[in-house]
Every structure is written in C-alpha cells, then in structure tokens.
$ cat input.cif   # mmCIF, C-alpha atoms (C1' of nucleotides)
data_entry
loop_
_atom_site.label_atom_id
_atom_site.label_comp_id
_atom_site.auth_asym_id
_atom_site.auth_seq_id
_atom_site.Cartn_x
_atom_site.Cartn_y
_atom_site.Cartn_z
CA MET A 1 56.93 15.10 -23.03
CA ASN A 2 53.70 15.69 -21.12
CA LYS A 3 51.36 12.76 -20.78
CA ILE A 4 47.95 13.32 -22.37
CA LYS A 5 44.94 12.07 -20.41
CA SER A 6 42.44 11.95 -23.22
CA LEU A 7 42.39 12.53 -26.94
CA LYS A 8 39.65 13.94 -29.14
CA VAL A 9 39.78 12.67 -32.69
CA ALA A 10 37.39 13.90 -35.39
CA SER A 11 36.98 12.13 -38.73
CA TRP A 12 35.22 13.74 -41.66
CA ASN A 13 34.84 13.21 -45.38
CA VAL A 14 34.61 16.90 -46.26
CA ASN A 15 34.22 16.59 -50.05
CA SER A 16 36.74 19.42 -50.70
CA VAL A 17 38.71 20.89 -47.81
CA ARG A 18 38.71 24.34 -49.43
CA VAL A 19 34.95 24.58 -49.94
CA ARG A 20 34.27 23.22 -46.45
CA ALA A 21 36.50 25.65 -44.55
CA PRO A 22 33.57 27.48 -42.88
CA LEU A 23 32.14 24.22 -41.53
CA ILE A 24 35.57 23.00 -40.43
CA GLU A 25 35.90 26.30 -38.60
CA LYS A 26 32.69 25.51 -36.70
CA LEU A 27 33.91 22.02 -35.83
CA ILE A 28 37.14 23.44 -34.45
CA LYS A 29 35.37 26.17 -32.45
CA GLU A 30 32.72 23.91 -30.96
CA GLU A 31 34.48 20.57 -30.50
CA ASP A 32 38.14 21.56 -30.33
CA PRO A 33 39.49 18.17 -31.44
CA ASP A 34 43.17 17.38 -30.91
CA VAL A 35 43.37 15.55 -34.21
CA ILE A 36 41.21 15.92 -37.33
CA LEU A 37 41.18 13.14 -39.92
CA LEU A 38 40.01 14.37 -43.31
CA GLN A 39 38.98 12.48 -46.41
CA GLU A 40 38.23 13.71 -49.92
CA THR A 41 40.25 16.88 -49.55
CA LYS A 42 40.26 17.08 -53.36
CA CYS A 43 43.37 19.18 -53.89
CA VAL A 44 47.08 18.76 -54.51
CA ASP A 45 49.34 19.39 -51.52
CA ALA A 46 50.43 22.79 -52.85
CA ASP A 47 46.80 23.97 -52.75
CA PHE A 48 46.04 22.63 -49.27
CA PRO A 49 44.89 25.46 -46.96
CA ARG A 50 47.75 25.08 -44.48
CA GLU A 51 47.45 28.58 -43.07
CA PHE A 52 43.79 28.07 -42.26
CA PHE A 53 44.69 25.26 -39.87
CA GLN A 54 47.95 26.72 -38.60
CA ASP A 55 46.14 29.96 -37.72
CA ARG A 56 43.78 27.88 -35.58
CA SER A 57 46.49 26.16 -33.54
CA TYR A 58 46.80 23.05 -35.70
CA GLU A 59 50.49 23.38 -36.37
CA HIS A 60 51.13 19.88 -37.63
CA LEU A 61 49.70 18.83 -40.98
CA TYR A 62 50.27 15.47 -42.61
CA ILE A 63 48.65 15.45 -46.03
CA SER A 64 48.42 13.28 -49.08
CA GLY A 65 46.55 14.96 -51.89
CA GLN A 66 45.96 14.61 -55.59
CA LYS A 67 44.26 16.64 -58.27
CA SER A 68 40.45 16.69 -58.16
CA TYR A 69 39.85 13.35 -56.45
CA ASN A 70 40.46 11.61 -53.13
CA GLY A 71 43.02 13.18 -50.78
CA VAL A 72 43.45 12.45 -47.07
CA ALA A 73 44.97 14.44 -44.23
CA ILE A 74 45.80 14.32 -40.54
CA ILE A 75 45.52 17.74 -38.89
CA SER A 76 47.02 17.78 -35.42
CA LYS A 77 47.73 20.03 -32.48
CA ILE A 78 50.32 17.50 -31.36
CA LYS A 79 53.46 16.87 -33.36
CA ALA A 80 53.69 13.39 -34.82
CA ASP A 81 56.82 11.31 -34.32
CA SER A 82 56.48 10.01 -37.86
CA TYR A 83 53.95 9.63 -40.64
CA SER A 84 53.45 7.46 -43.69
CA THR A 85 51.12 6.98 -46.62
CA ASP A 86 52.08 3.32 -47.02
CA LEU A 87 49.30 0.77 -47.05
CA LYS A 88 50.01 -2.60 -48.60
CA ASN A 89 48.97 -2.74 -52.26
CA ASN A 90 47.65 0.80 -52.26
CA THR A 91 48.95 1.57 -55.71
CA GLY A 92 49.97 5.13 -54.97
CA SER A 93 48.07 6.80 -57.77
CA GLU A 94 45.16 7.28 -55.41
CA ALA A 95 45.65 9.32 -52.23
CA ARG A 96 43.47 7.30 -49.87
CA TYR A 97 45.55 6.52 -46.81
CA ILE A 98 47.76 8.31 -44.32
CA GLU A 99 48.81 7.49 -40.78
CA ALA A 100 50.85 9.25 -38.13
CA GLU A 101 52.32 8.23 -34.81
CA ILE A 102 50.98 10.64 -32.23
CA SER A 103 51.42 10.27 -28.46
CA GLY A 104 52.35 6.61 -28.81
CA LEU A 105 49.33 5.76 -30.96
CA ARG A 106 49.11 5.13 -34.66
CA ILE A 107 46.29 7.27 -36.04
CA ALA A 108 45.09 6.84 -39.62
CA SER A 109 42.75 8.60 -42.04
CA ALA A 110 41.34 6.24 -44.67
CA TYR A 111 39.18 6.75 -47.73
CA VAL A 112 38.13 3.29 -48.86
CA PRO A 113 37.31 3.05 -52.58
CA CYS A 114 33.60 3.00 -53.36
CA GLY A 115 34.16 0.23 -55.89
CA ASN A 116 31.23 0.89 -58.22
CA LYS A 117 33.16 1.65 -61.40
CA SER A 118 34.12 -1.87 -62.37
CA ASP A 119 34.72 -5.37 -61.08
CA GLU A 120 38.39 -4.46 -60.69
CA ALA A 121 37.47 -1.42 -58.60
CA TYR A 122 35.30 -3.59 -56.39
CA GLU A 123 38.12 -6.12 -55.93
CA TYR A 124 40.43 -3.25 -55.03
CA LYS A 125 37.90 -2.13 -52.42
CA LYS A 126 37.87 -5.55 -50.76
CA GLU A 127 41.65 -5.69 -50.82
CA PHE A 128 41.84 -2.21 -49.34
CA LEU A 129 39.61 -3.25 -46.42
CA SER A 130 41.76 -6.35 -45.80
CA ASN A 131 44.87 -4.20 -45.89
CA ILE A 132 43.53 -1.85 -43.24
CA ASN A 133 42.83 -4.88 -41.07
CA THR A 134 46.39 -6.12 -41.50
CA GLN A 135 47.82 -2.64 -40.93
CA MET A 136 46.12 -2.28 -37.53
CA LYS A 137 47.18 -5.56 -36.02
CA GLY A 138 49.72 -5.45 -33.22
CA SER A 139 49.66 -1.69 -32.62
CA LYS A 140 47.61 0.69 -30.58
CA PHE A 141 45.72 2.09 -33.49
CA ILE A 142 42.87 4.47 -34.28
CA VAL A 143 41.53 4.58 -37.82
CA GLY A 144 38.80 6.94 -38.92
CA GLY A 145 37.38 7.30 -42.34
CA ASP A 146 34.90 6.71 -45.07
CA PHE A 147 34.73 2.92 -45.40
CA ASN A 148 32.01 2.95 -48.07
CA VAL A 149 30.26 0.01 -46.40
CA ALA A 150 27.03 -0.04 -44.42
CA ILE A 151 27.77 -2.97 -42.11
CA ASN A 152 24.17 -3.79 -41.26
CA ASP A 153 20.77 -3.12 -42.82
CA LEU A 154 20.17 -1.01 -39.74
CA ASP A 155 22.82 1.32 -41.12
CA ILE A 156 20.57 2.12 -44.07
CA GLN A 157 17.50 4.34 -43.88
CA THR A 158 15.89 2.63 -46.90
CA PRO A 159 17.58 -0.81 -47.10
CA LYS A 160 15.38 -2.14 -49.92
CA LYS A 161 16.46 0.67 -52.24
CA TRP A 162 20.12 -0.17 -51.70
CA GLU A 163 19.89 -3.92 -52.20
CA GLY A 164 22.80 -5.13 -54.29
CA SER A 165 24.73 -1.85 -53.97
CA VAL A 166 28.52 -1.96 -53.58
CA LEU A 167 27.92 -0.18 -50.27
CA CYS A 168 26.16 -3.15 -48.68
CA ARG A 169 27.01 -6.41 -50.46
CA ASP A 170 27.70 -9.43 -48.31
CA ASP A 171 31.37 -9.76 -49.23
CA VAL A 172 32.34 -6.21 -48.23
CA ARG A 173 30.24 -6.58 -45.09
CA GLU A 174 32.30 -9.71 -44.38
CA LYS A 175 35.45 -7.59 -44.64
CA MET A 176 34.01 -5.17 -42.10
CA HIS A 177 33.10 -8.10 -39.83
CA ASP A 178 36.72 -9.24 -40.13
CA LEU A 179 37.74 -5.80 -38.91
CA GLN A 180 35.28 -6.03 -36.05
CA LYS A 181 36.45 -9.53 -35.10
CA SER A 182 40.12 -8.69 -35.04
CA ASN A 183 40.12 -7.60 -31.44
CA PHE A 184 38.81 -4.15 -32.21
CA ILE A 185 36.64 -2.07 -30.00
CA ASP A 186 33.44 -2.25 -31.98
CA HIS A 187 32.00 1.23 -31.96
CA ALA A 188 29.70 0.17 -34.76
CA LYS A 189 27.73 -2.33 -32.72
CA THR A 190 26.12 0.41 -30.72
CA LEU A 191 23.85 1.10 -33.66
CA GLU A 192 21.97 -2.12 -32.93
CA GLU A 193 21.65 -0.96 -29.35
CA MET A 194 20.19 2.30 -30.56
CA TYR A 195 17.52 0.56 -32.56
CA ASP A 196 16.79 -2.16 -30.02
CA PRO A 197 15.54 -0.61 -26.77
CA SER A 198 16.19 -3.90 -24.95
CA LYS A 199 19.88 -3.34 -25.55
CA SER A 200 19.63 -0.02 -23.70
CA ILE A 201 22.08 2.37 -25.28
CA ASN A 202 21.50 4.87 -22.51
CA LYS A 203 22.84 2.75 -19.69
CA GLU A 204 25.68 4.35 -17.81
CA ASN A 205 27.92 1.34 -18.33
CA SER A 206 27.84 1.61 -22.11
CA ASN A 207 31.22 2.93 -23.19
CA THR A 208 29.90 4.32 -26.43
CA LYS A 209 26.85 6.38 -27.23
CA SER A 210 25.56 8.77 -29.81
CA ARG A 211 24.42 12.32 -29.37
CA ASP A 212 21.68 11.80 -31.94
CA SER A 213 20.50 8.23 -31.80
CA LYS A 214 17.61 8.81 -34.19
CA MET A 215 19.89 9.77 -37.06
CA PRO A 216 23.04 7.72 -36.85
CA PHE A 217 23.64 7.93 -40.58
CA THR A 218 26.83 9.56 -41.82
CA TRP A 219 26.27 9.99 -45.56
CA TRP A 220 23.54 10.98 -47.99
CA ASP A 221 23.80 11.05 -51.75
CA TYR A 222 23.09 14.71 -52.56
CA ARG A 223 20.38 13.44 -54.95
CA ARG A 224 18.71 11.14 -52.41
CA PRO A 225 18.29 13.27 -49.28
CA ASN A 226 15.99 10.86 -47.45
CA GLU A 227 18.21 7.81 -47.82
CA GLY A 228 20.92 8.09 -45.20
CA LEU A 229 23.58 5.42 -44.74
CA ARG A 230 26.20 4.92 -42.10
CA ILE A 231 29.44 4.28 -43.99
CA ASP A 232 31.89 6.32 -41.89
CA TYR A 233 33.45 4.78 -38.79
CA ILE A 234 36.21 5.11 -36.27
CA PHE A 235 37.80 1.85 -35.10
CA THR A 236 40.52 1.19 -32.57
CA SER A 237 42.71 -1.84 -32.00
CA GLU A 238 44.81 -3.14 -29.16
CA MET A 239 43.20 -0.75 -26.70
CA ASN A 240 40.15 -1.11 -24.49
CA ASN A 241 40.11 2.44 -23.26
CA GLU A 242 36.96 4.16 -22.14
CA CYS A 243 35.64 6.18 -25.04
CA ASN A 244 32.69 8.05 -26.49
CA LEU A 245 31.85 8.14 -30.19
CA GLU A 246 29.43 10.68 -31.60
CA THR A 247 27.92 11.30 -35.00
CA LEU A 248 27.61 15.06 -35.46
CA ALA A 249 24.37 14.86 -37.42
CA GLU A 250 23.67 18.59 -37.27
CA TYR A 251 26.40 19.26 -39.85
CA ARG A 252 24.01 17.95 -42.47
CA TRP A 253 21.75 20.95 -42.07
CA LEU A 254 24.27 23.76 -42.30
CA GLU A 255 24.99 26.02 -45.25
CA ARG A 256 26.81 24.18 -48.07
CA PRO A 257 27.16 20.86 -46.30
CA SER A 258 29.40 17.95 -47.20
CA ASP A 259 27.56 14.78 -48.18
CA HIS A 260 29.11 13.27 -45.01
CA VAL A 261 28.86 14.43 -41.39
CA PRO A 262 31.77 14.39 -38.91
CA LEU A 263 32.42 11.70 -36.32
CA LEU A 264 33.99 12.55 -32.99
CA LEU A 265 35.79 10.08 -30.75
CA GLU A 266 36.90 11.03 -27.27
CA ILE A 267 39.17 8.40 -25.82
CA LYS A 268 40.74 8.23 -22.36
CA LEU A 269 44.43 7.39 -22.45
"C1'" DA B 1 12.21 3.29 -64.85
"C1'" DT B 2 14.78 7.52 -64.66
"C1'" DG B 3 17.13 11.24 -62.91
"C1'" DG B 4 18.04 13.90 -59.50
"C1'" DT B 5 23.48 17.22 -56.84
"C1'" DA B 6 28.09 18.56 -55.85
"C1'" DG B 7 32.99 19.06 -56.58
"C1'" DC B 8 36.84 19.03 -59.51
"C1'" DC B 9 37.52 23.09 -63.09
"C1'" DC B 10 35.16 24.05 -68.07
"C1'" DA B 11 34.23 18.07 -69.93
"C1'" DG B 12 33.23 14.68 -68.13
"C1'" DC B 13 34.53 11.92 -64.36
"C1'" DT B 14 33.62 10.42 -59.56
"C1'" DA B 15 30.65 9.69 -55.86
#
$ encode --input "input.cif" --output "structure tokens"
Amino acid sequence: MNKIKSLKVASWNVNSVRVRAPLIEKLIKEEDPDVILLQETKCVDADFPREFFQDRSYEHLYISGQKSYNGVAIISKIKADSYSTDLKNNTGSEARYIEAEISGLRIASAYVPCGNKSDEAYEYKKEFLSNINTQMKGSKFIVGGDFNVAINDLDIQTPKKWEGSVLCRDDVREKMHDLQKSNFIDHAKTLEEMYDPSKSINKENSNTKSRDSKMPFTWWDYRRPNEGLRIDYIFTSEMNNECNLETLAEYRWLERPSDHVPLLLEIKL
DNA sequence: ATGGTAGCCCAGCTA
C-alpha cells in the first residue's frame, strides 16, 4: 500500500451526470482529481455512466442513485476499503448521502435537502445538517457537497432579494455554524477574507485561497443569472493539513452548464 | 408582483 502525499478532491452538483459528461470530461482532463464527489446525478444505478469514468482511469465507483431526482456518487482512482450510504435518519427514499473510506480518510458526498417544499421538508433539512455534523465527529473526514445554505450574507450576490429564503434563514445558518465550530477546518471563512482586504486573502500564510476571488459563488438559479450564492462547500474534520480550496467559476460559462460550479480541494496528507 | 430555465421524461415535480 503506497502512501499518498496529497489528495485532490473535486465536489460538484452536476444536475444530471449523463447530460454533464462533456464538462466532467474537461474537469478530469484539466484538474485530474483523485476523487470526484457528485451530487444530483439524477439517474438510477443501472443508468449510471460507469464506462465513461472507467475509461478515464476512475476504476472505483460508489453510487447511490434514484429515478429523476437526487443521486450522489464517489468516483475514485483509489479503491475504497468500504463504503456506505448510511446517515442517521436519512430515510432512504432519497439518495442524498454516500461515504467511502479511502486512504485512511472517510470521504463523503452530500446533497442536503433544499427544504422549500414544506415545513416538514425544512425540518428534515435541519436534521440532515445536524446528522452530517454527528457523522464527521471523531474521524478524519472530508465532506463535499451542496449544503443548500449560504452561511453569510457575503455568500449572496443580492442578499436583499433572498431575505427569508430557506437558503439563508438564521436557523440553518446556525446549523452550518455548528459544523464550523465542531473542530472543522473552516474553508468557508476565507470568503470574508476575500471581501475584506484587511484580512488579506493573498498572504502566503493563508492555507486556503480561491482562484477567482471576485466570483466565489457556487450556484445560480437558471432563471436568475445575476444572483449567485455560495451554497456548496468542502469541510474537513480531525485534520489540520495544509490545503487549498478553489471554486472553479469558469464552469459557469461553458456550453450547457450545471447550475452549480465545481469545487476543488487539494490537501496534503 | 410575476415569471423567468433546466432536468427528469412526456406531466408535472423539483430546484
């Protein structure tokens, strides 16, 4: 078993893995991640484009799909020792969570419910966020995904227009703060540094930075193209390794884009 | 104030 020095992990809500194949191809060619965490694959496991990934040296696929909605996957060059779709109280009818143990780390792909359908859906969202927090404790853990929460008003291009939205209410923000407080490396906090020059994002000693600090948003409603939000994140726990997190904003401008752009974490092991 | 798009697959739901 050869020891890996660093790991590149991409996380992307692709809004259909089959439609997004050409853009995933570009991500693989240009960034060559070791592990790709996908959300909203939107197909049953039998329809998952396994050959596409296996032909591009991603031999190990851990997928949890369903018809039409949701669907998460972990695409890896490295074989996992185990994998699981278990997350406490995740009722199973919705394919929103998968984790795998890879090179001694637990790595998860999460698609947190949006929670705008009903009060029950919103409660489920809060519970889901708490459950991720619980799941990460005590293990070296990397979780990437669509959290459907803009943690700070700075994460919203037009904050006034989103006031009261399920994406930025105080109680779900609290859940994200709980995540951030639970001994996690807080990749998210660098956004404040980006907006506040006095916090100097560009200093050499910053362990996180963005390739495109002017557009840190990760999602746009297809109908509201000038209202970006940052609702996708990668968090780690129980590890203080040197790392670099990027938002690949250029994927927004390609042919047939997802409504989300990819995140890329490079972490020294 | 409303509706605007995209993906699932062909009606209407989800985001």
$ closest_atom_pairs --input "input.cif" --of "chain B" --to "chain A" --cutoff "12 Å" --atoms "all atoms listed in the file" --output "Markdown table"
| residue | atom | partner | partner_atom | distance |
| --- | --- | --- | --- | --- |
| B:DG3 | C1' | A:Arg223 | CA | 8.9 |
| B:DG4 | C1' | A:Arg223 | CA | 5.1 |
| B:DT5 | C1' | A:Tyr222 | CA | 5.0 |
| B:DA6 | C1' | A:Tyr222 | CA | 7.1 |
| B:DG7 | C1' | A:Ser16 | CA | 7.0 |
| B:DC8 | C1' | A:Ser68 | CA | 4.5 |
| B:DC9 | C1' | A:Ser68 | CA | 8.6 |
| B:DC13 | C1' | A:Tyr69 | CA | 9.6 |
| B:DT14 | C1' | A:Tyr69 | CA | 7.6 |
| B:DA15 | C1' | A:Cys114 | CA | 7.7 |
$ resolve_selection --input "input.cif" --expression "the PyMOL selection byres ((chain A and resi 138-148) around 6)" --output "VMD selection string"
chain A and resid 11 105 to 112 114 136 to 137 149 167 231 to 238
$ resolve_selection --input "input.cif" --expression "the PyMOL selection byres ((chain A and resi 78) around 8)" --output "list in words"
Asp34, Val35, Tyr58, Glu59, His60, Ser76, Lys77, Lys79, Ala80, Ile102 and Ser103 of chain A
$ closest_residue --input "input.cif" --among "A:Ile132, A:Ile24, A:Met176, A:Ile75" --to "Leu87 (chain A)" --atoms "only C-alpha atoms"
A:Ile132
$ resolve_selection --input "input.cif" --expression "the PyMOL selection byres ((chain A and resi 90) around 12)" --output "ChimeraX atom specification"
/A:85-89,91-98,110-113,124-132,135
$ write_last_selection --input "input.cif" --atoms "C-alpha atoms" --output "PDB file, keeping the file's coordinate frame"
ATOM      1  CA  THR A  85      51.120   6.980 -46.620  1.00  0.00           C
ATOM      2  CA  ASP A  86      52.080   3.320 -47.020  1.00  0.00           C
ATOM      3  CA  LEU A  87      49.300   0.770 -47.050  1.00  0.00           C
ATOM      4  CA  LYS A  88      50.010  -2.600 -48.600  1.00  0.00           C
ATOM      5  CA  ASN A  89      48.970  -2.740 -52.260  1.00  0.00           C
ATOM      6  CA  THR A  91      48.950   1.570 -55.710  1.00  0.00           C
ATOM      7  CA  GLY A  92      49.970   5.130 -54.970  1.00  0.00           C
ATOM      8  CA  SER A  93      48.070   6.800 -57.770  1.00  0.00           C
ATOM      9  CA  GLU A  94      45.160   7.280 -55.410  1.00  0.00           C
ATOM     10  CA  ALA A  95      45.650   9.320 -52.230  1.00  0.00           C
ATOM     11  CA  ARG A  96      43.470   7.300 -49.870  1.00  0.00           C
ATOM     12  CA  TYR A  97      45.550   6.520 -46.810  1.00  0.00           C
ATOM     13  CA  ILE A  98      47.760   8.310 -44.320  1.00  0.00           C
ATOM     14  CA  ALA A 110      41.340   6.240 -44.670  1.00  0.00           C
ATOM     15  CA  TYR A 111      39.180   6.750 -47.730  1.00  0.00           C
ATOM     16  CA  VAL A 112      38.130   3.290 -48.860  1.00  0.00           C
ATOM     17  CA  PRO A 113      37.310   3.050 -52.580  1.00  0.00           C
ATOM     18  CA  TYR A 124      40.430  -3.250 -55.030  1.00  0.00           C
ATOM     19  CA  LYS A 125      37.900  -2.130 -52.420  1.00  0.00           C
ATOM     20  CA  LYS A 126      37.870  -5.550 -50.760  1.00  0.00           C
ATOM     21  CA  GLU A 127      41.650  -5.690 -50.820  1.00  0.00           C
ATOM     22  CA  PHE A 128      41.840  -2.210 -49.340  1.00  0.00           C
ATOM     23  CA  LEU A 129      39.610  -3.250 -46.420  1.00  0.00           C
ATOM     24  CA  SER A 130      41.760  -6.350 -45.800  1.00  0.00           C
ATOM     25  CA  ASN A 131      44.870  -4.200 -45.890  1.00  0.00           C
ATOM     26  CA  ILE A 132      43.530  -1.850 -43.240  1.00  0.00           C
ATOM     27  CA  GLN A 135      47.820  -2.640 -40.930  1.00  0.00           C
TER      28      GLN A 135
END
